[in-house]
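One file, work-v1.txt, is given below (compact mmCIF, C-alpha atoms).
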# COMPACT_ATOMS: atom_id res chain seq x y z
CA MET T 5 123.07 -194.00 -224.62
CA ARG T 6 119.62 -195.49 -225.11
CA ARG T 7 118.72 -192.67 -227.51
CA VAL T 8 121.98 -193.19 -229.41
CA PHE T 9 121.31 -196.93 -229.65
CA LEU T 10 117.74 -196.45 -230.93
CA PHE T 11 118.88 -193.82 -233.41
CA SER T 12 121.67 -196.09 -234.70
CA ALA T 13 119.27 -199.05 -235.04
CA ALA T 14 116.83 -196.89 -237.00
CA VAL T 15 119.59 -195.70 -239.32
CA LEU T 16 120.75 -199.28 -239.94
CA ALA T 17 117.18 -200.43 -240.63
CA CYS T 18 116.63 -197.64 -243.14
CA ALA T 19 119.94 -198.38 -244.80
CA SER T 20 119.03 -202.06 -245.07
CA LEU T 21 115.65 -201.26 -246.61
CA THR T 22 117.24 -198.80 -249.04
CA ALA T 23 119.87 -201.37 -250.07
CA THR T 24 117.19 -204.01 -250.59
CA ALA T 25 115.08 -201.66 -252.68
CA THR T 26 118.09 -200.59 -254.72
CA THR T 27 119.09 -204.21 -255.33
CA ALA T 28 115.57 -205.10 -256.44
CA GLN T 29 115.45 -202.12 -258.79
CA GLU T 30 118.83 -202.91 -260.32
CA TRP T 31 118.18 -206.66 -260.74
CA PRO T 32 119.14 -208.15 -263.06
CA ALA T 33 122.37 -206.35 -263.82
CA LYS T 34 124.31 -209.33 -265.17
CA PRO T 35 123.72 -212.77 -266.80
CA ILE T 36 121.62 -215.33 -264.95
CA ARG T 37 122.69 -218.96 -264.56
CA PHE T 38 119.96 -221.48 -265.32
CA ILE T 39 121.01 -224.87 -263.89
CA VAL T 40 119.51 -227.87 -265.69
CA PRO T 41 120.39 -231.00 -263.65
CA PHE T 42 120.27 -233.38 -266.62
CA THR T 43 122.28 -234.05 -269.76
CA PRO T 44 121.85 -232.05 -272.99
CA GLY T 45 119.48 -233.36 -275.64
CA GLY T 46 116.70 -234.83 -273.52
CA VAL T 47 113.18 -233.50 -273.05
CA THR T 48 114.13 -231.64 -269.86
CA ASP T 49 117.02 -229.88 -271.57
CA THR T 50 114.94 -229.12 -274.67
CA ILE T 51 112.08 -227.44 -272.82
CA SER T 52 114.56 -225.45 -270.73
CA ARG T 53 116.05 -224.06 -273.93
CA LEU T 54 112.60 -223.17 -275.22
CA LEU T 55 112.20 -221.03 -272.10
CA GLN T 56 115.72 -219.60 -272.27
CA GLU T 57 115.38 -217.07 -275.10
CA PRO T 58 112.06 -215.44 -274.12
CA LEU T 59 113.22 -215.20 -270.49
CA SER T 60 116.44 -213.51 -271.63
CA GLU T 61 114.38 -211.02 -273.63
CA ALA T 62 112.03 -210.35 -270.72
CA LEU T 63 114.85 -209.76 -268.22
CA LYS T 64 117.10 -207.98 -270.73
CA GLN T 65 120.04 -210.11 -269.62
CA PRO T 66 121.46 -213.38 -270.99
CA VAL T 67 120.06 -216.50 -269.36
CA VAL T 68 122.87 -219.06 -269.57
CA ILE T 69 121.96 -222.75 -269.32
CA GLU T 70 124.44 -224.96 -267.49
CA ASN T 71 123.84 -228.71 -267.65
CA LYS T 72 124.89 -230.29 -264.35
CA PRO T 73 123.73 -233.93 -264.47
CA GLY T 74 124.27 -236.54 -261.80
CA ALA T 75 122.65 -238.40 -258.91
CA GLY T 76 119.12 -238.23 -260.26
CA GLY T 77 119.18 -234.45 -260.56
CA THR T 78 120.52 -233.77 -257.07
CA THR T 79 123.96 -232.62 -258.29
CA GLY T 80 122.53 -229.66 -260.18
CA THR T 81 119.94 -228.85 -257.54
CA GLU T 82 122.64 -228.77 -254.86
CA ILE T 83 124.43 -226.08 -256.88
CA VAL T 84 121.25 -223.99 -256.83
CA THR T 85 120.67 -224.43 -253.10
CA ARG T 86 124.26 -223.42 -252.29
CA SER T 87 124.18 -220.30 -254.49
CA GLU T 88 123.80 -216.77 -253.21
CA PRO T 89 120.11 -215.83 -252.97
CA ASP T 90 120.56 -212.83 -255.27
CA GLY T 91 118.50 -213.98 -258.25
CA TYR T 92 121.48 -214.78 -260.45
CA THR T 93 121.16 -218.55 -260.12
CA ILE T 94 117.94 -220.41 -260.80
CA GLY T 95 117.33 -224.05 -261.63
CA LEU T 96 114.91 -226.53 -263.09
CA VAL T 97 113.58 -229.45 -261.06
CA ILE T 98 111.27 -232.27 -262.03
CA SER T 99 109.32 -234.95 -260.18
CA THR T 100 112.53 -236.67 -259.08
CA HIS T 101 113.17 -233.66 -256.83
CA ALA T 102 110.44 -235.03 -254.56
CA ALA T 103 111.20 -238.69 -255.23
CA ASN T 104 114.85 -238.26 -254.25
CA ALA T 105 113.77 -237.22 -250.76
CA ALA T 106 112.08 -240.60 -250.42
CA ILE T 107 114.69 -242.91 -251.92
CA ARG T 108 118.00 -241.25 -251.05
CA LYS T 109 119.12 -241.67 -247.46
CA LYS T 110 121.51 -238.74 -247.55
CA LEU T 111 120.62 -235.52 -249.32
CA SER T 112 122.81 -232.46 -248.84
CA PHE T 113 119.76 -230.20 -248.97
CA ASP T 114 116.13 -230.15 -247.87
CA PRO T 115 113.90 -230.26 -251.00
CA VAL T 116 111.38 -227.87 -249.44
CA LYS T 117 113.24 -225.67 -246.94
CA ASP T 118 116.43 -225.03 -248.93
CA ILE T 119 114.78 -223.65 -252.06
CA THR T 120 112.68 -220.71 -253.12
CA PRO T 121 109.88 -222.08 -255.32
CA ILE T 122 109.23 -219.80 -258.32
CA THR T 123 106.62 -221.57 -260.46
CA ARG T 124 105.59 -224.83 -261.99
CA PHE T 125 105.61 -224.56 -265.76
CA GLY T 126 104.68 -227.93 -267.21
CA VAL T 127 103.55 -231.52 -266.76
CA ASN T 128 103.98 -234.77 -268.66
CA ASN T 129 100.90 -236.99 -268.76
CA LEU T 130 102.59 -240.36 -269.28
CA PRO T 131 100.94 -242.85 -271.66
CA LEU T 132 100.80 -246.51 -270.64
CA CYS T 133 102.25 -248.33 -273.67
CA VAL T 134 102.65 -252.03 -274.44
CA HIS T 135 104.47 -253.86 -277.22
CA PRO T 136 102.11 -255.38 -279.83
CA SER T 137 103.32 -258.86 -278.86
CA VAL T 138 101.36 -258.54 -275.60
CA PRO T 139 97.90 -259.98 -276.38
CA VAL T 140 95.86 -257.10 -274.95
CA LYS T 141 93.92 -254.13 -276.30
CA THR T 142 92.68 -252.50 -273.08
CA VAL T 143 93.85 -251.85 -269.53
CA ALA T 144 91.35 -254.41 -268.22
CA GLU T 145 92.80 -257.05 -270.55
CA LEU T 146 96.33 -256.09 -269.48
CA ILE T 147 95.48 -256.54 -265.81
CA GLU T 148 93.79 -259.88 -266.48
CA TYR T 149 96.78 -261.06 -268.53
CA ALA T 150 99.26 -259.93 -265.85
CA LYS T 151 97.33 -261.75 -263.13
CA LYS T 152 97.41 -264.95 -265.17
CA ASN T 153 101.14 -264.48 -265.84
CA PRO T 154 102.65 -263.11 -262.62
CA GLY T 155 106.21 -261.86 -263.00
CA LYS T 156 106.27 -262.46 -266.75
CA ILE T 157 105.69 -258.86 -267.81
CA SER T 158 108.70 -256.57 -267.64
CA TYR T 159 108.34 -252.80 -267.65
CA ALA T 160 111.05 -250.32 -268.56
CA SER T 161 111.92 -246.98 -267.01
CA SER T 162 114.56 -244.29 -267.52
CA GLY T 163 116.08 -245.21 -264.17
CA VAL T 164 115.43 -246.05 -260.53
CA GLY T 165 113.36 -243.34 -258.90
CA SER T 166 112.16 -241.82 -262.18
CA ALA T 167 108.53 -240.90 -262.76
CA GLN T 168 108.31 -243.89 -265.15
CA HIS T 169 109.55 -246.19 -262.40
CA PHE T 170 107.00 -244.93 -259.89
CA ALA T 171 104.26 -245.07 -262.54
CA GLY T 172 104.89 -248.80 -262.90
CA GLU T 173 105.03 -249.38 -259.16
CA ILE T 174 101.77 -247.54 -258.57
CA LEU T 175 100.13 -249.64 -261.29
CA LYS T 176 101.35 -252.80 -259.56
CA ILE T 177 99.87 -251.67 -256.25
CA LYS T 178 96.58 -250.28 -257.53
CA ALA T 179 95.89 -253.15 -259.98
CA GLY T 180 97.26 -255.93 -257.78
CA ILE T 181 99.63 -257.30 -260.40
CA ASP T 182 103.23 -258.48 -260.43
CA MET T 183 105.65 -257.00 -262.98
CA VAL T 184 109.45 -256.89 -263.20
CA HIS T 185 111.11 -253.48 -263.31
CA ILE T 186 113.95 -253.03 -265.83
CA PRO T 187 115.74 -249.72 -265.23
CA TYR T 188 117.76 -248.06 -268.01
CA ARG T 189 120.18 -245.17 -268.02
CA GLY T 190 117.83 -242.78 -269.76
CA GLY T 191 114.58 -242.85 -271.66
CA ALA T 192 116.01 -243.42 -275.16
CA PRO T 193 117.48 -246.92 -274.55
CA ALA T 194 114.36 -247.92 -272.62
CA ILE T 195 112.11 -246.92 -275.52
CA ALA T 196 114.42 -248.71 -277.95
CA ASP T 197 113.96 -251.97 -276.06
CA LEU T 198 110.20 -251.42 -275.83
CA LEU T 199 110.02 -250.98 -279.61
CA ALA T 200 112.14 -254.11 -280.06
CA GLY T 201 109.92 -256.13 -277.72
CA ARG T 202 112.70 -256.85 -275.24
CA VAL T 203 110.44 -255.30 -272.57
CA GLN T 204 106.67 -255.47 -272.76
CA LEU T 205 105.47 -252.29 -271.07
CA MET T 206 106.51 -248.73 -270.31
CA PHE T 207 105.20 -245.32 -269.27
CA PRO T 208 107.35 -243.33 -271.74
CA SER T 209 107.23 -239.60 -272.30
CA PRO T 210 104.44 -238.42 -274.63
CA ALA T 211 107.12 -238.00 -277.31
CA ILE T 212 106.39 -241.70 -278.03
CA LYS T 213 103.38 -240.50 -280.06
CA PRO T 214 104.89 -241.13 -283.57
CA HIS T 215 105.53 -244.77 -282.61
CA VAL T 216 101.96 -245.07 -281.32
CA GLU T 217 100.63 -243.66 -284.59
CA SER T 218 102.79 -246.05 -286.63
CA GLY T 219 101.55 -249.05 -284.62
CA LYS T 220 104.95 -249.97 -283.21
CA VAL T 221 103.50 -249.70 -279.70
CA LEU T 222 99.95 -249.66 -278.37
CA ALA T 223 98.88 -246.90 -275.96
CA LEU T 224 96.17 -247.98 -273.53
CA ALA T 225 95.66 -245.06 -271.13
CA VAL T 226 97.37 -242.06 -269.53
CA SER T 227 98.75 -241.72 -266.03
CA ASN T 228 97.22 -238.45 -264.85
CA ASN T 229 93.67 -238.08 -263.58
CA GLU T 230 92.99 -235.73 -266.50
CA ARG T 231 93.12 -236.65 -270.17
CA SER T 232 96.14 -235.73 -272.26
CA LYS T 233 96.08 -233.01 -274.91
CA LEU T 234 98.36 -235.19 -277.05
CA PHE T 235 96.23 -238.32 -276.61
CA PRO T 236 92.70 -236.97 -276.11
CA ALA T 237 91.06 -240.28 -277.09
CA LEU T 238 92.94 -242.25 -274.42
CA PRO T 239 91.18 -242.78 -271.09
CA THR T 240 92.87 -242.00 -267.82
CA LEU T 241 93.83 -245.08 -265.82
CA ILE T 242 91.05 -244.21 -263.39
CA GLU T 243 88.56 -244.18 -266.26
CA ALA T 244 90.03 -247.49 -267.41
CA GLY T 245 89.23 -249.10 -264.06
CA VAL T 246 92.36 -248.63 -261.93
CA PRO T 247 91.12 -246.97 -258.71
CA ASP T 248 92.77 -243.81 -257.37
CA TYR T 249 95.57 -243.92 -259.95
CA SER T 250 97.27 -240.60 -260.57
CA LEU T 251 100.84 -239.71 -261.45
CA VAL T 252 102.22 -236.81 -263.44
CA GLU T 253 105.80 -235.87 -264.25
CA TRP T 254 106.11 -232.17 -263.46
CA TYR T 255 108.60 -229.41 -264.16
CA ALA T 256 109.29 -226.36 -261.99
CA ILE T 257 111.69 -223.43 -261.62
CA ILE T 258 113.35 -222.78 -258.27
CA GLY T 259 116.03 -220.59 -256.72
CA PRO T 260 118.07 -220.86 -253.53
CA ALA T 261 116.28 -220.20 -250.25
CA ASN T 262 115.56 -216.58 -249.31
CA LEU T 263 115.36 -214.97 -252.73
CA PRO T 264 114.44 -211.29 -252.33
CA PRO T 265 110.65 -210.90 -252.62
CA ALA T 266 110.89 -208.39 -255.48
CA VAL T 267 113.15 -210.73 -257.47
CA LEU T 268 110.87 -213.69 -256.81
CA GLU T 269 107.80 -211.72 -257.88
CA ARG T 270 109.51 -210.62 -261.11
CA LEU T 271 110.68 -214.12 -262.01
CA ASN T 272 107.27 -215.65 -261.34
CA ARG T 273 105.48 -212.93 -263.29
CA GLU T 274 107.74 -213.14 -266.32
CA ILE T 275 107.81 -216.95 -266.53
CA VAL T 276 104.04 -217.25 -266.09
CA ARG T 277 103.53 -214.65 -268.83
CA ILE T 278 105.99 -216.39 -271.15
CA VAL T 279 104.38 -219.80 -270.92
CA GLN T 280 100.98 -218.34 -271.82
CA ASP T 281 102.26 -217.73 -275.36
CA PRO T 282 100.35 -220.06 -277.76
CA GLU T 283 103.38 -220.64 -279.96
CA LEU T 284 105.54 -221.65 -277.01
CA GLN T 285 102.77 -223.89 -275.71
CA SER T 286 102.60 -225.60 -279.11
CA ARG T 287 106.36 -226.17 -279.17
CA MET T 288 106.29 -227.49 -275.61
CA LEU T 289 103.41 -229.82 -276.47
CA GLN T 290 105.51 -231.29 -279.29
CA GLN T 291 107.81 -232.45 -276.48
CA GLY T 292 104.82 -233.86 -274.61
CA VAL T 293 104.77 -231.08 -272.03
CA GLU T 294 101.50 -229.35 -271.17
CA MET T 295 101.74 -225.89 -269.62
CA VAL T 296 100.81 -225.50 -265.95
CA THR T 297 101.82 -222.54 -263.80
CA SER T 298 101.55 -221.72 -260.10
CA THR T 299 102.26 -219.15 -257.45
CA PRO T 300 105.45 -219.59 -255.41
CA ASP T 301 103.40 -220.58 -252.36
CA GLY T 302 101.37 -222.99 -254.46
CA LEU T 303 104.54 -224.64 -255.72
CA ARG T 304 105.95 -224.96 -252.20
CA THR T 305 102.77 -226.72 -251.08
CA TRP T 306 102.84 -228.95 -254.16
CA ILE T 307 106.45 -230.04 -253.58
CA ALA T 308 105.82 -230.74 -249.88
CA GLU T 309 102.79 -232.87 -250.76
CA GLU T 310 104.73 -234.71 -253.46
CA VAL T 311 107.56 -235.49 -251.01
CA ASP T 312 105.05 -236.96 -248.57
CA ARG T 313 103.36 -238.91 -251.35
CA TYR T 314 106.60 -240.47 -252.58
CA LYS T 315 107.68 -241.34 -249.05
CA ASP T 316 104.35 -243.10 -248.50
CA LEU T 317 104.76 -245.02 -251.76
CA VAL T 318 108.34 -246.05 -250.97
CA SER T 319 107.13 -247.43 -247.65
CA LYS T 320 104.96 -249.89 -249.59
CA VAL T 321 107.44 -251.08 -252.23
CA THR T 322 111.11 -251.96 -252.44
CA ILE T 323 113.07 -249.37 -254.38
CA GLU T 324 116.84 -249.60 -254.36
CA LEU T 325 119.16 -247.15 -256.06
CA GLU T 326 121.49 -248.48 -258.72

Show the structure stored in the file as structure tokens.
Amino acid sequence: MRRVFLFSAAVLACASLTATATTAQEWPAKPIRFIVPFTPGGVTDTISRLLQEPLSEALKQPVVIENKPGAGGTTGTEIVTRSEPDGYTIGLVISTHAANAAIRKKLSFDPVKDITPITRFGVNNLPLCVHPSVPVKTVAELIEYAKKNPGKISYASSGVGSAQHFAGEILKIKAGIDMVHIPYRGGAPAIADLLAGRVQLMFPSPAIKPHVESGKVLALAVSNNERSKLFPALPTLIEAGVPDYSLVEWYAIIGPANLPPAVLERLNREIVRIVQDPELQSRMLQQGVEMVTSTPDGLRTWIAEEVDRYKDLVSKVTIELE
């Protein structure tokens, strides 16, 4: 009986390995769903569509984008985490994937354990912009003005928990100033009010560049600890005198937990290769997105560190969901 048991176990193990190998060789054999957890038309949707066609060509199967907005991106991400780990459902996540773990008391998924990280593929280096009515020309002057006028500067964001929101809160903490947060339902109406002077400050997406060039807003610095390719003359906030300031809005591709290793390797390899294309990089940069890639393990570490960072920040400020 023991021999029969061992023989049966060996047969099952071989069958499992053969099935796995066959699945990996055959993948992909049908269209792939690409879940974008935000509405059509925005920067996130646009850059996803720039990736869509070359990925379809590389995999020789249609990559079908499905916009599933809601709850700060968690609605779409939940769809990904609940999908079969067969490589036929992938999704895009941004910085709010980590922020949601800090500001939402009840998430239906773990942002680290319930995903398979595939690769990062871009970052937004947010420019600190002020309306020309604010009598400042530098970050140092802005801080001095804010300290003399506590609570009189309002800053806009695309919503509670967005990268723009956290960028403003970090500035308040690091510079020791008091500003009023005005959340909007999206970046477009927030920028509209910044241009109109109804709010004085914002960390918009780099797509604000035409308005900076026309003089409708003044850009003082950028949020990351490295200079921006779109605004190379602008200092980082650290260079401008704000200690330890660093925030970047990032974009990444994920799948559900337990993607087959061969499928994960193929997806990472193809996406990393695609985003090295100079033409694609140029088109992405027009949207303010600079290309950055990673290994799956590197992305998992990055997300875990970002979750911890946002939780630490939330412990120091009051952030309430709308």

Give, as lines of an AutoDock Vina configuration file, the centre coordinates and the x, y and z edge lengths in Å to one decimal for an axis-aligned box around all listed atoms of segment 31-35 of chain T, padded by 3 Å on each side.
center_x = 121.2
center_y = -209.6
center_z = -263.8
size_x = 12.1
size_y = 12.4
size_z = 12.1

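Considering all atoms listed in the file, the residue among T:Met288, T:Ile323, T:Asn104, T:Ala256 positioned nearest to Gly172 of chain T is T:Ile323.
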
Review point. What lies within 12 Å of Gly165 of chain T using all atoms listed in the file, ignoring chain neighbours under 5 positions off, as a PyMOL selection string?
Key: chain T and resi 75-77+98-108+170-173+185-190+253+314-315+317-318+321-326

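Here the question is which of T:Arg124, T:Arg287, T:Lys141, T:Arg53 gets nearest to Ala223 of chain T using only C-alpha atoms, and that residue is T:Lys141.
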
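Minimum atom-to-atom distances from T:Leu289, T:Ile83, T:Val267, T:Val221 to Leu63 of chain T were compared using only C-alpha atoms, and the lowest value belongs to T:Val267.
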
Revision key, fill the gap. Atom pair atom CA of Ser319 of chain T + atom CA of Thr79 of chain T, distance 24.8 Å

Practice item. Find the residues around Leu205 of chain T up to 8 Å (all atoms listed in the file counted), leave out those fewer than 6 positions away in its own chain, and share them as a ChimeraX atom specification. Key: /T:132-135,157-160,198

Show which residues sit within 12 Å of Thr299 of chain T, as a PDB file with C-alpha atoms, keeping the file's coordinate frame. Count all atoms listed in the file, and ignore same-chain residues fewer than 2 positions away.
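Output saved as around_33.pdb:
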ATOM      1  CA  THR T 120     112.680-220.710-253.120  1.00  0.00           C
ATOM      2  CA  PRO T 121     109.880-222.080-255.320  1.00  0.00           C
ATOM      3  CA  ILE T 122     109.230-219.800-258.320  1.00  0.00           C
ATOM      4  CA  THR T 123     106.620-221.570-260.460  1.00  0.00           C
ATOM      5  CA  ARG T 124     105.590-224.830-261.990  1.00  0.00           C
ATOM      6  CA  PHE T 125     105.610-224.560-265.760  1.00  0.00           C
ATOM      7  CA  ALA T 256     109.290-226.360-261.990  1.00  0.00           C
ATOM      8  CA  ILE T 257     111.690-223.430-261.620  1.00  0.00           C
ATOM      9  CA  ILE T 258     113.350-222.780-258.270  1.00  0.00           C
ATOM     10  CA  LEU T 268     110.870-213.690-256.810  1.00  0.00           C
ATOM     11  CA  GLU T 269     107.800-211.720-257.880  1.00  0.00           C
ATOM     12  CA  ARG T 270     109.510-210.620-261.110  1.00  0.00           C
ATOM     13  CA  LEU T 271     110.680-214.120-262.010  1.00  0.00           C
ATOM     14  CA  ASN T 272     107.270-215.650-261.340  1.00  0.00           C
ATOM     15  CA  ARG T 273     105.480-212.930-263.290  1.00  0.00           C
ATOM     16  CA  ILE T 275     107.810-216.950-266.530  1.00  0.00           C
ATOM     17  CA  VAL T 276     104.040-217.250-266.090  1.00  0.00           C
ATOM     18  CA  VAL T 296     100.810-225.500-265.950  1.00  0.00           C
ATOM     19  CA  THR T 297     101.820-222.540-263.800  1.00  0.00           C
ATOM     20  CA  ASP T 301     103.400-220.580-252.360  1.00  0.00           C
ATOM     21  CA  GLY T 302     101.370-222.990-254.460  1.00  0.00           C
ATOM     22  CA  LEU T 303     104.540-224.640-255.720  1.00  0.00           C
ATOM     23  CA  ARG T 304     105.950-224.960-252.200  1.00  0.00           C
ATOM     24  CA  THR T 305     102.770-226.720-251.080  1.00  0.00           C
ATOM     25  CA  TRP T 306     102.840-228.950-254.160  1.00  0.00           C
TER      26      TRP T 306
END

Exercise for review: Return the single residue from T:Ala266, T:Val138, T:Met183, T:Ala308 that is closest to Pro154 of chain T, with distances computed using only C-alpha atoms.
Suggested key: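 Of T:Ala266, T:Val138, T:Met183, T:Ala308, the one nearest Pro154 of chain T, counting only C-alpha atoms, is T:Met183.
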
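One distance worth recording is that between atom CA of Asn71 of chain T and atom CA of Val97 of chain T, which is 12.2 Å.
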
Check your understanding: So what do you get for atom CA of Val226 of chain T versus atom CA of Val184 of chain T, distance-wise?
Key -> 20.1 Å

Exercise for review: Pull the neighbourhood of (119.4, -231.9, -263.5) for me: all residues within 6 Å in file coordinates, counting only C-alpha atoms, as JSON, numbers by chain.
Suggested key: {"T": [40, 41, 42, 72, 73, 77, 80]}

Study note, to complete from the structure: With distances taken over all atoms listed in the file, the candidate from T:Ile39, T:Leu251, T:Leu222, T:Val216 nearest Ser137 of chain T is T:Leu222

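If you measure from each of T:Gly91, T:Gly245, T:Pro208, T:Gly45 to Ala261 of chain T using all atoms listed in the file, the closest one turns out to be T:Gly91.
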
Practice item. For Asp90 of chain T, list every protein, DNA or RNA residue within 7 Å, evaluated using all atoms listed in the file, and leave out those in the same chain fewer than 2 positions away; present the list as a VMD selection string. Key: chain T and resid 88 92 263 to 264
